[in-house]
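Peer 1: Take a look at this one; I'll ask things after.
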Amino acid sequence: MPSQPLVNIWIRITSKIVKYGFAVEYRDLEPPRTGIFDGLRLTVDPDVDFEMQCFILLHLFGHSVQWVAPSLAEKLGPKRS
């Protein structure tokens, strides 16, 4: 059973991800996959333990930043030193 602090983190993670416009989905995935990001949806295998689900969700969300980052290059360029 997950501890309450971990459950609170999960709630905050999923809430923010959904507010950014992504869907969070549980689906059985073929090993060795534990999670998938398709650009709109973050999918986590429900057989993964809860702590790892939190990590996978944050990791996959990080990939969404990678997809957007090139479009910010012009804005960020002048701020680099």
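Chain identifiers are assigned as A, B, and so on, following the order in which chains appear in the structure tokens; residues are numbered from 1 within each chain, and ligands are numbered from 1 in order of appearance.
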Show which residues sit within 12 Å of range 11-17 of chain A, as a CSV table (one decimal) with N, CA and C atoms, in the first residue's frame. Count only C-alpha atoms, and ignore same-chain residues fewer than 5 positions away.
Peer 2:
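Contents of out13.csv, freshly written:
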chain,number,residue,atom,x,y,z
A,4,GLN,N,0.9,7.8,2.3
A,4,GLN,CA,0.0,9.0,2.0
A,4,GLN,C,0.8,10.1,1.3
A,5,PRO,N,2.1,10.4,1.7
A,5,PRO,CA,2.9,11.4,0.9
A,5,PRO,C,3.0,11.0,-0.6
A,6,LEU,N,3.2,9.8,-0.9
A,6,LEU,CA,3.3,9.4,-2.3
A,6,LEU,C,2.0,9.5,-3.0
A,22,PHE,N,-2.9,16.9,-21.4
A,22,PHE,CA,-2.6,15.6,-21.7
A,22,PHE,C,-3.5,14.6,-21.0
A,23,ALA,N,-3.8,13.5,-21.6
A,23,ALA,CA,-4.5,12.4,-20.9
A,23,ALA,C,-3.6,11.5,-20.2
A,24,VAL,N,-4.0,10.9,-19.1
A,24,VAL,CA,-3.3,9.9,-18.4
A,24,VAL,C,-4.1,8.6,-18.5
A,25,GLU,N,-3.4,7.5,-18.9
A,25,GLU,CA,-4.2,6.3,-19.2
A,25,GLU,C,-3.4,5.1,-18.6
A,40,LEU,N,0.0,13.1,-27.0
A,40,LEU,CA,-1.2,13.6,-26.4
A,40,LEU,C,-1.6,12.8,-25.1
A,41,ARG,N,-1.1,11.6,-25.0
A,41,ARG,CA,-1.5,10.7,-23.9
A,41,ARG,C,-0.3,10.1,-23.3
A,42,LEU,N,-0.3,10.0,-22.0
A,42,LEU,CA,0.8,9.3,-21.2
A,42,LEU,C,0.2,8.1,-20.7
A,43,THR,N,0.7,6.9,-21.1
A,43,THR,CA,0.2,5.6,-20.8
A,43,THR,C,1.1,4.9,-19.9
A,44,VAL,N,0.6,4.4,-18.8
A,44,VAL,CA,1.4,3.6,-17.8
A,44,VAL,C,0.8,2.2,-17.6
A,53,GLN,N,5.4,4.1,-11.1
A,53,GLN,CA,4.4,4.8,-11.9
A,53,GLN,C,4.6,6.3,-11.8
A,54,CYS,N,4.9,6.8,-10.6
A,54,CYS,CA,5.1,8.2,-10.4
A,54,CYS,C,6.3,8.6,-11.3
A,55,PHE,N,7.4,7.9,-11.2
A,55,PHE,CA,8.6,8.2,-11.9
A,55,PHE,C,8.3,8.2,-13.4
A,56,ILE,N,7.6,7.1,-13.9
A,56,ILE,CA,7.4,7.0,-15.3
A,56,ILE,C,6.5,8.1,-15.8
A,57,LEU,N,5.5,8.5,-15.1
A,57,LEU,CA,4.7,9.6,-15.5
A,57,LEU,C,5.5,10.9,-15.6
A,58,LEU,N,6.3,11.2,-14.6
A,58,LEU,CA,7.1,12.4,-14.7
A,58,LEU,C,8.1,12.3,-15.9
A,59,HIS,N,8.7,11.2,-16.1
A,59,HIS,CA,9.7,11.0,-17.2
A,59,HIS,C,9.0,11.2,-18.5
A,60,LEU,N,7.8,10.6,-18.7
A,60,LEU,CA,7.1,10.8,-20.0
A,60,LEU,C,6.7,12.2,-20.1
A,61,PHE,N,6.3,12.9,-19.1
A,61,PHE,CA,5.9,14.3,-19.2
A,61,PHE,C,7.1,15.1,-19.6
A,62,GLY,N,8.3,14.7,-19.1
A,62,GLY,CA,9.5,15.4,-19.5
A,62,GLY,C,9.7,15.3,-21.0
A,64,SER,N,7.4,15.5,-23.2
A,64,SER,CA,6.6,16.6,-23.8
A,64,SER,C,7.3,17.9,-23.9
A,65,VAL,N,8.2,18.2,-22.9
A,65,VAL,CA,9.0,19.4,-22.9
A,65,VAL,C,10.0,19.3,-24.0
Peer 1: Any idea what's packed within 12 Å of Glu30 in chain A, counting only C-alpha atoms, ignoring anything in its chain fewer than 6 positions away? Could you give it as number ranges by chain?
Peer 2: A: 36, 44-47
Peer 1: In Å, rounded to a single decimal, give me how far CA of Phe37 in chain A is from CA of Asn8 in chain A.
Peer 2: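 Here the two named atoms are 22.9 Å from each other.
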Peer 1: Where does DSSP see alpha helix (DSSP H) in chain A, if you list the residues as an MDAnalysis selection string?
Peer 2: chainID A and resid 4:19 50:68 73:76
Peer 1: To one decimal in Å, tell me the separation between CA of Trp67 in chain A and CA of Tyr20 in chain A.
Peer 2: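 Computed distance, CA of Trp67 in chain A to CA of Tyr20 in chain A, equals 13.7 Å.
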Peer 1: Got a sec to tell me which of chain A DSSP assigns to strand (DSSP E), as a list in words?
Peer 2: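 Secondary structure check on chain A, strand (DSSP E): Ala23, Val24, Glu25, Tyr26, Gly35, Ile36, Phe37, Arg41, Leu42, Thr43 and Val44 of chain A.
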Peer 1: Convert the current residue selection to file output with N, CA, C and O atoms, as a PDB file, in the first residue's frame.
Peer 2:
ATOM      1  N   ALA A  23      -3.759  13.458 -21.582  1.00  0.00           N
ATOM      2  CA  ALA A  23      -4.548  12.418 -20.930  1.00  0.00           C
ATOM      3  C   ALA A  23      -3.586  11.454 -20.242  1.00  0.00           C
ATOM      4  O   ALA A  23      -2.476  11.234 -20.712  1.00  0.00           O
ATOM      5  N   VAL A  24      -4.022  10.910 -19.114  1.00  0.00           N
ATOM      6  CA  VAL A  24      -3.259   9.882 -18.403  1.00  0.00           C
ATOM      7  C   VAL A  24      -4.078   8.606 -18.487  1.00  0.00           C
ATOM      8  O   VAL A  24      -5.266   8.598 -18.166  1.00  0.00           O
ATOM      9  N   GLU A  25      -3.438   7.534 -18.926  1.00  0.00           N
ATOM     10  CA  GLU A  25      -4.152   6.283 -19.189  1.00  0.00           C
ATOM     11  C   GLU A  25      -3.384   5.096 -18.617  1.00  0.00           C
ATOM     12  O   GLU A  25      -2.153   5.096 -18.608  1.00  0.00           O
ATOM     13  N   TYR A  26      -4.126   4.121 -18.132  1.00  0.00           N
ATOM     14  CA  TYR A  26      -3.547   2.840 -17.730  1.00  0.00           C
ATOM     15  C   TYR A  26      -3.876   1.827 -18.813  1.00  0.00           C
ATOM     16  O   TYR A  26      -5.024   1.740 -19.257  1.00  0.00           O
ATOM     17  N   GLY A  35       5.791   2.375 -19.952  1.00  0.00           N
ATOM     18  CA  GLY A  35       5.055   3.602 -20.223  1.00  0.00           C
ATOM     19  C   GLY A  35       5.292   4.056 -21.649  1.00  0.00           C
ATOM     20  O   GLY A  35       6.304   3.718 -22.257  1.00  0.00           O
ATOM     21  N   ILE A  36       4.313   4.818 -22.179  1.00  0.00           N
ATOM     22  CA  ILE A  36       4.394   5.332 -23.545  1.00  0.00           C
ATOM     23  C   ILE A  36       3.872   6.765 -23.556  1.00  0.00           C
ATOM     24  O   ILE A  36       2.879   7.081 -22.905  1.00  0.00           O
ATOM     25  N   PHE A  37       4.550   7.627 -24.337  1.00  0.00           N
ATOM     26  CA  PHE A  37       4.057   8.979 -24.590  1.00  0.00           C
ATOM     27  C   PHE A  37       3.855   9.107 -26.091  1.00  0.00           C
ATOM     28  O   PHE A  37       4.787   8.915 -26.861  1.00  0.00           O
ATOM     29  N   ARG A  41      -1.081  11.602 -25.030  1.00  0.00           N
ATOM     30  CA  ARG A  41      -1.490  10.713 -23.940  1.00  0.00           C
ATOM     31  C   ARG A  41      -0.254  10.084 -23.311  1.00  0.00           C
ATOM     32  O   ARG A  41       0.680   9.679 -24.000  1.00  0.00           O
ATOM     33  N   LEU A  42      -0.263  10.020 -21.988  1.00  0.00           N
ATOM     34  CA  LEU A  42       0.785   9.336 -21.242  1.00  0.00           C
ATOM     35  C   LEU A  42       0.170   8.055 -20.706  1.00  0.00           C
ATOM     36  O   LEU A  42      -0.810   8.090 -19.961  1.00  0.00           O
ATOM     37  N   THR A  43       0.710   6.932 -21.149  1.00  0.00           N
ATOM     38  CA  THR A  43       0.163   5.626 -20.787  1.00  0.00           C
ATOM     39  C   THR A  43       1.139   4.906 -19.876  1.00  0.00           C
ATOM     40  O   THR A  43       2.332   4.843 -20.150  1.00  0.00           O
ATOM     41  N   VAL A  44       0.606   4.358 -18.778  1.00  0.00           N
ATOM     42  CA  VAL A  44       1.408   3.642 -17.791  1.00  0.00           C
ATOM     43  C   VAL A  44       0.844   2.237 -17.639  1.00  0.00           C
ATOM     44  O   VAL A  44      -0.376   2.049 -17.590  1.00  0.00           O
TER      45      VAL A  44
END
Peer 1: Could you check how far CA of Arg27 in chain A sits from CA of Gly39 in chain A, in Å to one decimal?
Peer 2: 16.2 Å
